[in-house]
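To be precise, the following lines are upload.cif, and they hold mmCIF, C-alpha atoms.
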data_coords
#
loop_
_atom_site.label_atom_id
_atom_site.label_comp_id
_atom_site.auth_asym_id
_atom_site.auth_seq_id
_atom_site.Cartn_x
_atom_site.Cartn_y
_atom_site.Cartn_z
CA VAL A 1 0.00 0.00 0.00
CA PRO A 2 1.81 3.16 -1.16
CA SER A 3 0.46 5.33 1.64
CA ARG A 4 1.97 2.89 4.18
CA PRO A 5 4.92 1.13 2.52
CA LEU A 6 6.60 0.15 5.79
CA ARG A 7 3.48 -1.30 7.36
CA HIS A 8 4.29 -4.40 9.43
CA GLY A 9 7.98 -3.52 9.32
CA GLY A 10 8.06 -3.64 5.52
CA PHE A 11 6.80 -7.23 5.44
CA ASP A 12 3.79 -6.21 3.32
CA PHE A 13 6.15 -4.66 0.76
CA VAL A 14 8.01 -7.96 0.35
CA ALA A 15 5.06 -10.33 0.73
CA SER A 16 3.03 -8.53 -1.95
CA PHE A 17 5.30 -10.16 -4.54
CA PHE A 18 3.85 -13.56 -3.64
CA LEU A 19 0.20 -12.45 -3.47
CA HIS A 20 -1.97 -12.29 -6.57
CA ALA A 21 -5.35 -10.81 -7.39
CA GLY A 22 -6.79 -14.16 -8.40
CA PHE A 23 -6.20 -17.34 -10.33
CA TRP A 24 -5.84 -15.67 -13.76
CA HIS A 25 -3.35 -13.15 -12.42
CA LEU A 26 -1.21 -15.96 -10.98
CA LEU A 27 -1.59 -18.04 -14.14
CA SER A 28 -0.52 -15.20 -16.45
CA ASN A 29 2.55 -14.37 -14.35
CA THR A 30 3.47 -18.06 -14.24
CA TYR A 31 3.04 -18.37 -18.01
CA PHE A 32 5.42 -15.48 -18.72
CA LEU A 33 7.89 -16.74 -16.12
CA VAL A 34 8.06 -20.17 -17.75
CA ALA A 35 7.94 -18.95 -21.35
CA PHE A 36 10.63 -16.27 -21.07
CA GLY A 37 12.37 -16.98 -17.79
CA THR A 38 13.99 -20.19 -19.00
CA GLY A 39 15.96 -18.39 -21.72
CA VAL A 40 17.00 -15.60 -19.35
CA GLU A 41 18.05 -18.07 -16.66
CA ASP A 42 20.14 -19.97 -19.23
CA VAL A 43 22.02 -16.75 -20.00
CA LEU A 44 22.32 -15.37 -16.46
CA ARG A 45 22.53 -18.65 -14.50
CA PRO A 46 20.32 -19.14 -11.42
CA GLY A 47 21.95 -16.70 -8.96
CA ARG A 48 21.94 -13.66 -11.25
CA PHE A 49 18.49 -14.65 -12.52
CA LEU A 50 17.05 -14.53 -9.00
CA LEU A 51 18.81 -11.21 -8.43
CA LEU A 52 17.21 -9.83 -11.62
CA VAL A 53 13.74 -10.95 -10.52
CA ALA A 54 14.16 -9.60 -6.97
CA LEU A 55 15.56 -6.22 -8.05
CA SER A 56 12.93 -5.85 -10.78
CA ALA A 57 10.10 -6.60 -8.35
CA PHE A 58 11.59 -4.22 -5.78
CA ALA A 59 12.02 -1.42 -8.33
CA GLY A 60 8.48 -1.90 -9.62
CA LYS A 61 6.98 -1.66 -6.14
CA LEU A 62 9.25 1.29 -5.30
CA LEU A 63 8.20 3.21 -8.42
CA TYR A 64 4.56 2.61 -7.53
CA VAL A 65 5.12 3.86 -3.97
CA ALA A 66 7.05 6.91 -5.20
CA LEU A 67 4.52 8.00 -7.82
CA GLN A 68 1.32 6.98 -6.04
CA HIS A 69 2.48 7.75 -2.48
CA GLY A 70 -0.95 8.84 -1.23
CA SER A 71 -2.83 5.87 -2.65
CA SER A 72 -4.41 3.21 -0.48
CA VAL A 73 -4.71 0.75 -3.40
CA PRO A 74 -2.37 -2.18 -2.74
CA SER A 75 -0.02 -3.58 -5.33
CA VAL A 76 0.04 -7.36 -5.50
CA GLY A 77 1.77 -9.80 -7.81
CA ALA A 78 5.10 -10.52 -9.40
CA SER A 79 4.54 -8.31 -12.43
CA GLY A 80 7.54 -6.07 -11.75
CA GLY A 81 9.83 -9.10 -11.58
CA ILE A 82 8.27 -10.66 -14.65
CA SER A 83 8.61 -7.36 -16.54
CA GLY A 84 12.33 -7.33 -15.76
CA ILE A 85 12.59 -10.82 -17.26
CA LEU A 86 10.65 -9.76 -20.37
CA ALA A 87 12.82 -6.69 -20.96
CA TYR A 88 16.05 -8.64 -20.47
CA TRP A 89 14.83 -11.42 -22.77
CA ALA A 90 13.84 -9.01 -25.57
CA LEU A 91 17.21 -7.26 -25.39
CA ALA A 92 19.31 -10.42 -25.09
CA PHE A 93 17.44 -12.17 -27.92
CA PRO A 94 16.58 -9.26 -30.25
CA HIS A 95 15.93 -11.39 -33.32
CA ALA A 96 13.62 -13.85 -31.58
CA ARG A 97 10.13 -13.88 -32.98
CA VAL A 98 7.11 -13.26 -30.77
CA ARG A 99 3.80 -14.45 -32.12
CA LEU A 100 0.62 -12.95 -30.67
CA PHE A 101 -2.74 -14.61 -31.14
CA TRP A 102 -5.82 -12.41 -30.93
CA LEU A 103 -9.51 -12.87 -31.56
CA VAL A 104 -10.97 -10.08 -33.67
CA TRP A 105 -14.72 -10.37 -34.08
CA MET A 106 -14.43 -14.06 -33.18
CA ARG A 107 -11.87 -14.69 -35.94
CA PRO A 108 -8.30 -15.67 -35.04
CA VAL A 109 -5.63 -13.18 -36.06
CA THR A 110 -1.90 -13.75 -35.60
CA TYR A 111 0.75 -11.04 -35.45
CA THR A 112 4.48 -11.74 -35.46
CA PHE A 113 7.09 -9.27 -34.20
CA THR A 114 10.78 -9.35 -33.41
CA ALA A 115 11.47 -9.36 -29.68
CA ARG A 116 12.65 -5.75 -29.72
CA MET A 117 9.60 -4.58 -31.65
CA ALA A 118 7.35 -6.40 -29.22
CA LEU A 119 9.18 -4.81 -26.29
CA GLY A 120 8.80 -1.34 -27.81
CA LEU A 121 5.08 -1.86 -28.36
CA TRP A 122 4.70 -3.25 -24.83
CA VAL A 123 6.51 -0.23 -23.31
CA VAL A 124 4.23 2.19 -25.18
CA LEU A 125 1.19 0.27 -23.91
CA GLN A 126 2.59 0.40 -20.36
CA PHE A 127 2.97 4.19 -20.52
CA VAL A 128 -0.62 4.50 -21.77
CA GLY A 129 -1.71 2.18 -18.98
CA ALA A 130 0.29 4.18 -16.43
CA ALA A 131 -1.51 7.35 -17.52
CA ASN A 132 -4.82 5.55 -17.03
CA GLN A 133 -3.62 4.26 -13.67
CA TRP A 134 -2.61 7.77 -12.65
CA ALA A 135 -6.10 9.00 -13.60
CA GLY A 136 -7.71 6.21 -11.59
CA PHE A 137 -9.08 4.27 -14.58
CA SER A 138 -6.95 1.13 -14.30
CA GLY A 139 -6.53 -1.50 -11.63
CA VAL A 140 -3.37 -2.86 -13.26
CA ASN A 141 -0.09 -1.62 -11.79
CA HIS A 142 1.60 -0.41 -14.97
CA LEU A 143 4.09 1.57 -12.90
CA ALA A 144 5.41 -1.70 -11.44
CA HIS A 145 5.75 -3.06 -14.97
CA LEU A 146 7.79 -0.02 -16.05
CA GLY A 147 9.98 -0.10 -12.94
CA GLY A 148 10.72 -3.80 -13.41
CA ALA A 149 11.44 -3.36 -17.11
CA ALA A 150 13.88 -0.54 -16.33
CA VAL A 151 15.84 -2.94 -14.11
CA GLY A 152 15.78 -5.57 -16.88
CA LEU A 153 17.23 -2.98 -19.26
CA ALA A 154 19.93 -1.97 -16.76
CA PHE A 155 20.75 -5.59 -15.99
CA TRP A 156 21.23 -6.29 -19.69
CA TYR A 157 23.19 -3.11 -20.41
CA PHE A 158 25.49 -3.16 -17.38
CA GLY A 159 25.64 -6.94 -16.98
CA PRO A 160 28.80 -8.98 -17.27
CA ASP A 161 28.20 -9.75 -20.95
CA GLY A 162 27.58 -6.11 -21.80
CA PRO A 163 24.93 -4.75 -24.15
CA ARG A 164 24.96 -7.39 -26.85
CA PRO A 165 22.66 -10.23 -27.83
CA ALA A 166 23.07 -13.62 -26.18
CA ALA A 167 25.17 -16.10 -28.09
CA VAL A 168 22.68 -18.60 -29.49
CA LYS A 169 23.21 -20.65 -32.67
CA GLY A 170 23.02 -18.08 -35.43
CA ASP A 171 21.93 -15.46 -32.88
CA THR A 172 18.32 -16.19 -33.80
CA ILE A 173 15.81 -18.13 -31.76
CA ARG A 174 12.06 -18.19 -31.73
CA LEU A 175 9.47 -19.29 -29.26
CA SER A 176 7.36 -21.54 -31.44
CA THR A 177 5.04 -22.62 -28.66
CA PRO A 178 4.59 -20.98 -25.31
CA LEU A 179 6.80 -23.47 -23.51
CA ARG A 180 9.32 -24.77 -26.05
CA TRP A 181 12.37 -23.08 -27.59
CA GLU A 182 13.51 -23.86 -31.11
CA ASP A 183 16.74 -22.88 -32.82
#
Target encoding structure tokens, full file:
Amino acid sequence: VPSRPLRHGGFDFVASFFLHAGFWHLLSNTYFLVAFGTGVEDVLRPGRFLLLVALSAFAGKLLYVALQHGSSVPSVGASGGISGILAYWALAFPHARVRLFWLVWMRPVTYTFTARMALGLWVVLQFVGAANQWAGFSGVNHLAHLGGAAVGLAFWYFGPDGPRPAAVKGDTIRLSTPLRWED
């Protein structure tokens, strides 16, 4: 809760990462963790991967507290940490293809983007969402998404491998199904 970030000695601030607003919220965070986290963990190894998730979640919550300091609306979920993973993944695997499936008037439509294009589109949508959040029209914590993504960017840029794509056969991978990588 931004108006009381140190409530219960700061335990609420930490525990909110593990709480979710319902089954679908938990399921969507888990989906993105499994789909994109495996590639990031392969690059960073487990210790640095956990550090990325923790710092991204912390930064997301901190940005929410800083910009919505008078709000009594709690922030729950791992979205800041997941956003850090997404940003890192898109920057480390810039040529990966992201395929989005959408129903438009009950007809399936598929869009395919490079990882960097998808990240750019996602960031624009997060800023629009943050403006709606600021105006009180959104219950999604877009500020946490942006804070987490900023840490993912910093982790990639200042990380031990520097700002370059991950070394993967031919430097091109694609996520052909939500849970399986293909070269």
> Quick one: which residues end up in the PyMOL selection byres ((chain A and resi 52) around 10) for this structure, as number ranges by chain?
Replying inline: A: 40-41, 44, 46-51, 53-58, 81-82, 84-85, 88, 148, 151-152, 154-156
Would you write out those residues with C-alpha atoms, as a PDB file, in the coordinates of the input?
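The resulting out28.pdb:
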ATOM      1  CA  VAL A  40      17.000 -15.600 -19.350  1.00  0.00           C
ATOM      2  CA  GLU A  41      18.050 -18.070 -16.660  1.00  0.00           C
ATOM      3  CA  LEU A  44      22.320 -15.370 -16.460  1.00  0.00           C
ATOM      4  CA  PRO A  46      20.320 -19.140 -11.420  1.00  0.00           C
ATOM      5  CA  GLY A  47      21.950 -16.700  -8.960  1.00  0.00           C
ATOM      6  CA  ARG A  48      21.940 -13.660 -11.250  1.00  0.00           C
ATOM      7  CA  PHE A  49      18.490 -14.650 -12.520  1.00  0.00           C
ATOM      8  CA  LEU A  50      17.050 -14.530  -9.000  1.00  0.00           C
ATOM      9  CA  LEU A  51      18.810 -11.210  -8.430  1.00  0.00           C
ATOM     10  CA  VAL A  53      13.740 -10.950 -10.520  1.00  0.00           C
ATOM     11  CA  ALA A  54      14.160  -9.600  -6.970  1.00  0.00           C
ATOM     12  CA  LEU A  55      15.560  -6.220  -8.050  1.00  0.00           C
ATOM     13  CA  SER A  56      12.930  -5.850 -10.780  1.00  0.00           C
ATOM     14  CA  ALA A  57      10.100  -6.600  -8.350  1.00  0.00           C
ATOM     15  CA  PHE A  58      11.590  -4.220  -5.780  1.00  0.00           C
ATOM     16  CA  GLY A  81       9.830  -9.100 -11.580  1.00  0.00           C
ATOM     17  CA  ILE A  82       8.270 -10.660 -14.650  1.00  0.00           C
ATOM     18  CA  GLY A  84      12.330  -7.330 -15.760  1.00  0.00           C
ATOM     19  CA  ILE A  85      12.590 -10.820 -17.260  1.00  0.00           C
ATOM     20  CA  TYR A  88      16.050  -8.640 -20.470  1.00  0.00           C
ATOM     21  CA  GLY A 148      10.720  -3.800 -13.410  1.00  0.00           C
ATOM     22  CA  VAL A 151      15.840  -2.940 -14.110  1.00  0.00           C
ATOM     23  CA  GLY A 152      15.780  -5.570 -16.880  1.00  0.00           C
ATOM     24  CA  ALA A 154      19.930  -1.970 -16.760  1.00  0.00           C
ATOM     25  CA  PHE A 155      20.750  -5.590 -15.990  1.00  0.00           C
ATOM     26  CA  TRP A 156      21.230  -6.290 -19.690  1.00  0.00           C
TER      27      TRP A 156
END
> How many Å separate atom CA of Pro94 of chain A from atom CA of Ala130 of chain A?
Replying inline: 25.2 Å
> How many Å separate atom CA of Gln68 of chain A from atom CA of Gln133 of chain A?
Replying inline: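 For atom CA of Gln68 of chain A relative to atom CA of Gln133 of chain A, the distance reads 9.5 Å.
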Using all atoms listed in the file, what does the table of segment 41-122 of chain A residues within 8 Å of segment 20-31 of chain A look like, with each row giving the shortest atom pair and its distance in Å to one decimal, sorted by chain and ascending number, as CSV?
residue,atom,partner,partner_atom,distance
A:Val76,CA,A:His20,CA,5.4
A:Gly77,CA,A:His20,CA,4.7
A:Ala78,CA,A:Asn29,CA,6.8
A:Ser79,CA,A:Asn29,CA,6.7
A:Ile82,CA,A:Asn29,CA,6.8
> Which residues fall under the PyMOL selection byres ((chain A and resi 105-118) around 12) in this file, as a VMD selection string?
Replying inline: chain A and resid 36 86 to 104 119 to 125 153 165 172 to 176
> What does the distance between atom CA of Gly136 of chain A and atom CA of Gly9 of chain A come to in Å, to one decimal place?
Replying inline: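 Atom-to-atom, atom CA of Gly136 of chain A to atom CA of Gly9 of chain A, that is 27.9 Å.
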>> For a quick check of understanding, using all atoms listed in the file, which of A:Leu146, A:Phe158, A:Ser75, A:Val34 has the smallest distance to Phe18 of chain A?
In response: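 Among the listed residues, the smallest separation from Phe18 of chain A belongs to A:Ser75.
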> With distances taken over all atoms listed in the file, which of A:His145, A:Thr38, A:Tyr157, A:Ala59 is nearest to Gln126 of chain A?
Replying inline: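 Smallest separation from Gln126 of chain A among the options: A:His145.
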> From the list A:Arg45, A:Asp12, A:Val128, A:Tyr64, which residue is nearest Asn141 of chain A when using all atoms listed in the file?
Replying inline: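 Looking at the shortest contact to Asn141 of chain A, the residue is A:Tyr64.
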